[in-house]
Amino acid sequence: MRPGTTRVLAALITAAVVGTGIDAMATDSPPRASSYAADTAPASYRYLKARVFRAPGLGTIAVGAATPRRVMVQRLDEASGTWTEPRLLFLGTDGVTCGDISGRASAGGVALLLECDASYSEDQAPTSSVALVTQDLRTWHRKVLPGEAYRDPAISPDGSQAVWPLGGIGDVVRWSSDAGFSSRLSTTYDYDGGGGSTAVVADDGTVSVLGPENGGEGCVVGVHERSPDGRLSSYQVDGVDPGCSEGNLENRNALEVVGGGSERAYRFSLTRADTSSRWQLGSIAPASAPGLVDYRGAPRRAIATSFSDVAGQPLVAYGSPDRRRVLIQRYDGEAQAWGARTQVYDHGFPACAAEGTFGQRRSAVHAIALHCYRARRADGDYPPSTEGYQTAPTFQLQALLSVDGVDWRTVDLAGHPLGRSADRRLVAAPGLRSTTIVSSTGIVVLPVRAPAPCGFVHPIGPRQLLRLHGSAGSDWPRLLQRLDGDRWRTIQRVRMPLEGSCTKVRSIEDFFPASYLLSGQGARVALRVVRRDGAWRVVRVGGS
């Protein structure tokens, strides 16, 4: 098992570890960037979705897997904004399979890693990975890397140097335009569990491996350098604790490394002025920034501090010191500090809990779900459970909604979950007598109610809704309906269990976008909202 990484594989692809370079591939400097300057999209592939990479001044390439054996490449015609026809980049042979492609680019070229193994497995570090590098986006230099290799490569600003980390233990393979590929090279980085390390390389061939390591009283970022003539040196970066077990660093380019994972609240950066300067803390993780009021120390008395992340807006922190009042703070990125607290809700009783945000992706609007007691409880009582949506009259479900993180609106959810579109651009809050839809364009209230007893509403537009209808007295909701003006129109009859009855419903969008779990006596049904051939449907994705 490869250490320090959690990887979601889009598809398994097969590729050869040898072959001729057919065309080149480049990537934006930010990790996993996929933006491109074109009105048309690249080809759609079945096994590995096309990733688009851009090398400034050289061109833009899209690479994906057409079949388990064939990896294809396209080039963007900058003049017309159209893509060339896909061409074969690699053809799998001899049973070697590959599971991922990563790369880094600069103005001077691109370095690429193709993760391969004799029989590739997502859970095992690959041992037959291939290093590829080009300076002209046409001619590839390649090498089968020794041992395990799965971390992103790096390339120097002028493209004359490239480097590939090996196994997360501080060893690398370096390529230079004048000497080609090196054998395995060692640095002084050797932290047990260092799968979260990364490497960068300067134009003169100096390699820097950065990774989490023990630093006396805690965890620090160590920098371990190897000069072109083999001299070794090391130092530690002040002011940042990356986490020794969960620390994960990624290179953006030769002057910037980021860490802290995908959630903005925990993301920090390390920078240097030029490739001869020392690394230092560039931006602090917002969760560690000054001014943040953290309620996580008293879970029975407080709602733990969590974060709501909306693209293009300041990060919002929310929590409660007493499980009654919910307060928010906004993050000032320039000052790297949190603003004053603002109260956005007061339940009146000290007994609320907020849904956790672990695993949630960045949204286009703010939506905080609260589970609250309707009546006062003893001070020692735990907050109400957030496992599922309770229909008992002792619980009250509230949603705090905002477009900008400044102005907030409260909606009583009437026992039903928030509905979120798969792209998280829309949120629907079903109330007692109306449903509120929040989008980046504003907040709209529609005079329609959520179905009873176990249905849900799902937004498909700023003023458009679907609902899974369960009328009073029905065992399971069975009708998918679309709001047509001010009336509901049935568009699908959904197969449901014949025995028992549904008692509660909750959303499961953290792991399955636009999905809902219905639970009842002896049965559970998971439904996903999809659009196929222009028509909206729900499909069953699980059940028991």
# chains A, B, ... in the order shown; residues from 1 in each chain; ligands from 1
>>> residues_around(residues="A:Pro146", least_positions_apart="2", cutoff="8 Å", atoms="only C-alpha atoms", output="VMD selection string")
chain A and resid 127 to 128 144 148 to 149 166 184
>>> residues_around(residues="stretch 529-543 of chain A", least_positions_apart="2", cutoff="9 Å", atoms="only C-alpha atoms", output="PyMOL selection string")
chain A and resi 421-422+458+466+468+480+482+491-492+494-495+513-518+523-527
>>> select_by_dssp(residues="stretch 158-232 of chain A", states="strand (DSSP E)", output="VMD selection string")
chain A and resid 161 to 166 171 to 176 180 to 181 198 to 201 207 to 214 219 to 226 232
>>> residues_around(residues="stretch 113-123 of chain A", least_positions_apart="6", cutoff="6 Å", atoms="only C-alpha atoms", output="number ranges by chain")
A: 1, 96-103, 129-131
>>> closest_residue(among="A:Thr305, A:Thr60, A:Ser440, A:Ser402", to="A:Gly319", atoms="only C-alpha atoms")
A:Thr305
>>> atom_distance(atom1="atom CA of A:Gly500", atom2="atom CA of A:Arg478")
13.8 Å
>>> closest_residue(among="A:Ile155, A:Arg341, A:Arg325, A:Gly180", to="A:His141", atoms="only C-alpha atoms")
A:Gly180
>>> residues_around(residues="A:Leu400", least_positions_apart="4", cutoff="7 Å", atoms="only C-alpha atoms", output="JSON, numbers by chain")
{"A": [367, 368, 369, 408, 409, 410, 411]}
>>> write_last_selection(atoms="C-alpha atoms", output="compact mmCIF listing (two decimals), in the first residue's frame")
# COMPACT_ATOMS: atom_id res chain seq x y z
CA ALA A 367 -25.91 26.05 3.20
CA ILE A 368 -25.60 24.94 6.83
CA ALA A 369 -27.99 22.29 8.16
CA TRP A 408 -28.23 34.84 5.83
CA ARG A 409 -31.72 33.34 5.72
CA THR A 410 -33.20 30.64 7.98
CA VAL A 411 -35.59 27.95 6.69
>>> atom_distance(atom1="atom CA of A:Thr93", atom2="atom CA of A:Val71")
12.2 Å
>>> closest_residue(among="A:Leu479, A:Ala41, A:Cys372, A:Ala154", to="A:Gly81", atoms="only C-alpha atoms")
A:Ala41
>>> atom_distance(atom1="atom CA of A:Arg374", atom2="atom CA of A:Leu432")
15.4 Å
